[in-house]
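Each remark here refers to the structure printed beneath this line.
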Amino acid sequence: MENVHLAAEDEDDLYSGYNDYNPTFDSEELDNDVGFQQAVRTSHGRRPPMTARFPGTAVGGRPIGTSFGSRMPMGSSMGRPTTGAVQDGAARPMTAVRAAGYSSSLTRGSTFDPLGQSRGPAPPLEAKNEDTPEEKIKILEKKVNDLIEESCLAQGNGDLQLALEKAKEAGRKERALVRQREQTGTADHITLDLTYSVLFNLANQYANNDMNTEALNTYQVIVKNKMFNNAGRLKVNMGNIYFKQKNYPKAIKFYRMALDQISNAHTEMRIKIMQNIGVSFIRMGQYSDAITSFDHIMSESPNIKTGFNLILCYCAIGDRERMKKSFQKLICVPLGIDEEDKYISPNDDPHANLLIEAIKNDQLHQMERERKALAEKYIMTSAKLIAPAIESTFAAGFDWCVDMVKSSQYVELANDLEINKAITYLRQKEFNQAVETLKTFEKKDSRVKSAAATNLSFLYFLEKDYDQADRYADLAMNADRYNPAALINKGNTVFVKEDYEKAAEFYKEALRNDSSCTEALYNLGLTYKRLGRLEEALDCFLKLHAILRNSAQVMYQLANLYEMLEDPHQAIEWLMQLISVTPTDPHVLAKLGELYDNEGDKSQAFQYYYESFRYFPSNIEVIEWLGAYYIDTQFCEKAIQYFERATLIQPNHVVWQLMVASCYRRSGNYQKALETYKDIHRKFPENVECLRFLVRLCTDMGLKEVQDYATKLKKVEKMKEIREQRVKSGRESSARGRREGSASSDSGQSSHGASAKGERLSVKLRSLPGSNEPYEASSQRDLDASYVDPLGPQMERPKTAAKKRTEEDEFADEELGDDLLPE
């Protein structure tokens, strides 16, 4: 106790001694304390409890030599009794001497680790034994459920074949599961829900893959099993399959069987089944039975589609009064949507404005808009359908429909019906009535006025009354400057006046208002094409092609632009894409033949020209090219049929008959050629070329008619010379009147006489051509002019149809779309 500091009673400083160091509490020296280490290694803490003979610790009277001294009870420095001291002579229970975190097995240098973290992670849990039958059954059940889920996901992704394969595999696994349960004697635990899910999914996937027989068999397995609850509802699916197979009587039978097994509590499902029954009756033409179903639905739970179908049925049987009543029921069907005023902020409350902005375009509002648009579509279609039938005239019928709509919740549709009335006038070719109807909208609100003025502008544009078209286009633009159709019509009226720059500005403005306006983009491309800005025109049509992938007009314009840009390979590429869309267009095929001919590929050119001739055998240019091709390839007999067809198309053109005779002559059939020339001479007795060939053939064949034909040839040439003299003298006299001075007049007469004399001389020399002299033609368009006598040593190539186009007929074949697209 010498190290224990006792507080003296007479000390004034109550806090003295607190800074003194007591070596008793030095835990760092415990490792060197032999007594303490000996006590730690003994069995203290593991000894069974025992009763002490005298007050003390659980050690009894055995003293332990430690630095703490004896374990005898003693008073503390504050006068408190020692722990374990006996109070009033009673024995206390034994207390623990083992501290937390210490054990008798601690060795020198061990760390303090009360949680046992130094021993590493806990050993893994013992794995389940998967060899037991129950575990195998659970694993198999999980695989079946996973396969069903994978099948449904594959169907959602559009991979119907994979969905069917997964459904079949799930069926095989489920049957294996049932057999395994039967083998283990746990057949009572078979999950009926799992079996139902497997069969239902399999039948559904069969139906999706158009395997209707397998789907019906699988549904039949489910329906006949009495252990499945509510399996009778699946007869609706069976009825749908029969409906798809157009077996409508059997579909109605299954719909009615399903209807009998569904309680009245499921009203919505019963209504849908009855609607299917009504549609099936319509397909069968039994409108009275369909009306019965639709009438019941409209009395129980009216909806837009059923009301529309009911009107169709009454139209089919021609019941005017019922049509009117059904239309009134249709426009009274509640849509179950909120008013648009809900999405308009009533005040400047920022929180309310944020809420309205959040719900203004959410999915619910989009669904409401779609439902309203669908209802308006059905009402408009119904009105256009019944208007000509419910009254003596369609105008009176439209007026009745307009009055009914104005008194309903669809007031906005009244103006649209009026415009449809005008369009109906147009379809009946009553243009004045259409114009009068549209003119009544000039004093209506801006939206309707703009639509009516746009239609009026379009009408006047088609009638080529461009001033009125321009006036109403301006009116439409003033009513609604953001109306792209009005801007397009305005641009068209400027385009026909050849003010292409201004027209382009209107088309650009229309595109700024509606970037998806294909008419404006097409017309802008045409405008750039007229301005000679071919690259910009090409850019417009390429953009348009990205929007309208299969538009034949756009592809043709692209091909034409590449041809103008002298890129024939790209032009051919676009025309090849075009004939994949319109494979029977003869003008496109002829254009391909022309491009290949210009490239020197005669075989490809012949292929496309021949295809063009097959689809349109009346194109003179194609016929001319094919005939010239066969002459060029020394197959004159084949060329005859083409020139004969040209003769039928243009019987007053002697050139085609001369070509037929020339083909006979070139092929060596002189007798047939002579007969043909004689026939031509009878039809065209003043044709010089025909008489020349007759003279030549008769001379070569030694016929007596040669003198007659030679005489006729001289007369015809003389008449031709006189006519030419008259034409020239008329020209000279008109020129002489403009001249001044008599001297110049005399010189003009002398020169004219000399020229006339020369002409007469040349006519004499050419009256009978020599053996090697080429036959002459009377005009440049006569194809026979380029042919020489087959008896001569030389032969020129014939002209082909693939000649260089002039600027006037550059777009002669452009029937696919070099016209403006009015709105």
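Residues are named by chain letter and number: chains run A, B, ... in the order of the structure tokens, numbers start at 1 in each chain, and ligands are numbered from 1 in the order shown.
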
Test item: residues at most 6 Å from range 226-240 of chain A, only C-alpha atoms, excluding those fewer than 2 positions along its chain, as a PyMOL selection string: chain A and resi 223+242-243+251+254-255+258

Computed interatomic separation between CA of Leu511 in chain A and CA of Leu475 in chain A (Å): 19.5 Å

Who sits within 8 Å of Val435 in chain A, only C-alpha atoms, same chain under 4 positions skipped, as a ChimeraX atom specification: /A:422,431,439,456

Requested write-out: N, CA and C atoms of the selected residues, as a PDB file, in the first residue's frame:
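Listing of out33.pdb after writing:
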```
ATOM      1  N   ALA A 422     -67.798  21.019-100.282  1.00  0.00           N
ATOM      2  CA  ALA A 422     -67.226  21.614-101.491  1.00  0.00           C
ATOM      3  C   ALA A 422     -66.393  20.605-102.270  1.00  0.00           C
ATOM      4  N   PHE A 431     -68.042  22.467-110.483  1.00  0.00           N
ATOM      5  CA  PHE A 431     -67.009  23.378-110.023  1.00  0.00           C
ATOM      6  C   PHE A 431     -67.586  24.698-109.506  1.00  0.00           C
ATOM      7  N   LYS A 439     -66.377  30.046-101.139  1.00  0.00           N
ATOM      8  CA  LYS A 439     -66.380  31.499-100.956  1.00  0.00           C
ATOM      9  C   LYS A 439     -67.157  31.933 -99.721  1.00  0.00           C
ATOM     10  N   LEU A 456     -59.536  27.163-103.032  1.00  0.00           N
ATOM     11  CA  LEU A 456     -59.939  27.983-104.171  1.00  0.00           C
ATOM     12  C   LEU A 456     -58.741  28.317-105.065  1.00  0.00           C
TER      13      LEU A 456
END
```

Using only C-alpha atoms: which of A:Glu599, A:Val405, A:Glu686, A:Glu268 has the shortest distance to Asp567 in chain A: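 Nearest candidate to Asp567 in chain A out of A:Glu599, A:Val405, A:Glu686, A:Glu268: A:Glu599.
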
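With only C-alpha atoms taken into account, the protein and nucleic acid residues at most 10 Å from Lys683 in chain A (excluding it and anything under 6 positions from it in its own chain) are Asn652, Val654 and Tyr677 of chain A.
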
Contacts of Val279 in chain A at 12 Å (only C-alpha atoms; same-chain gap of 6+ positions) as a ChimeraX atom specification: /A:240,243,246,248-249,251-252,255,272-273,285-294,305-306,308-310,312-313
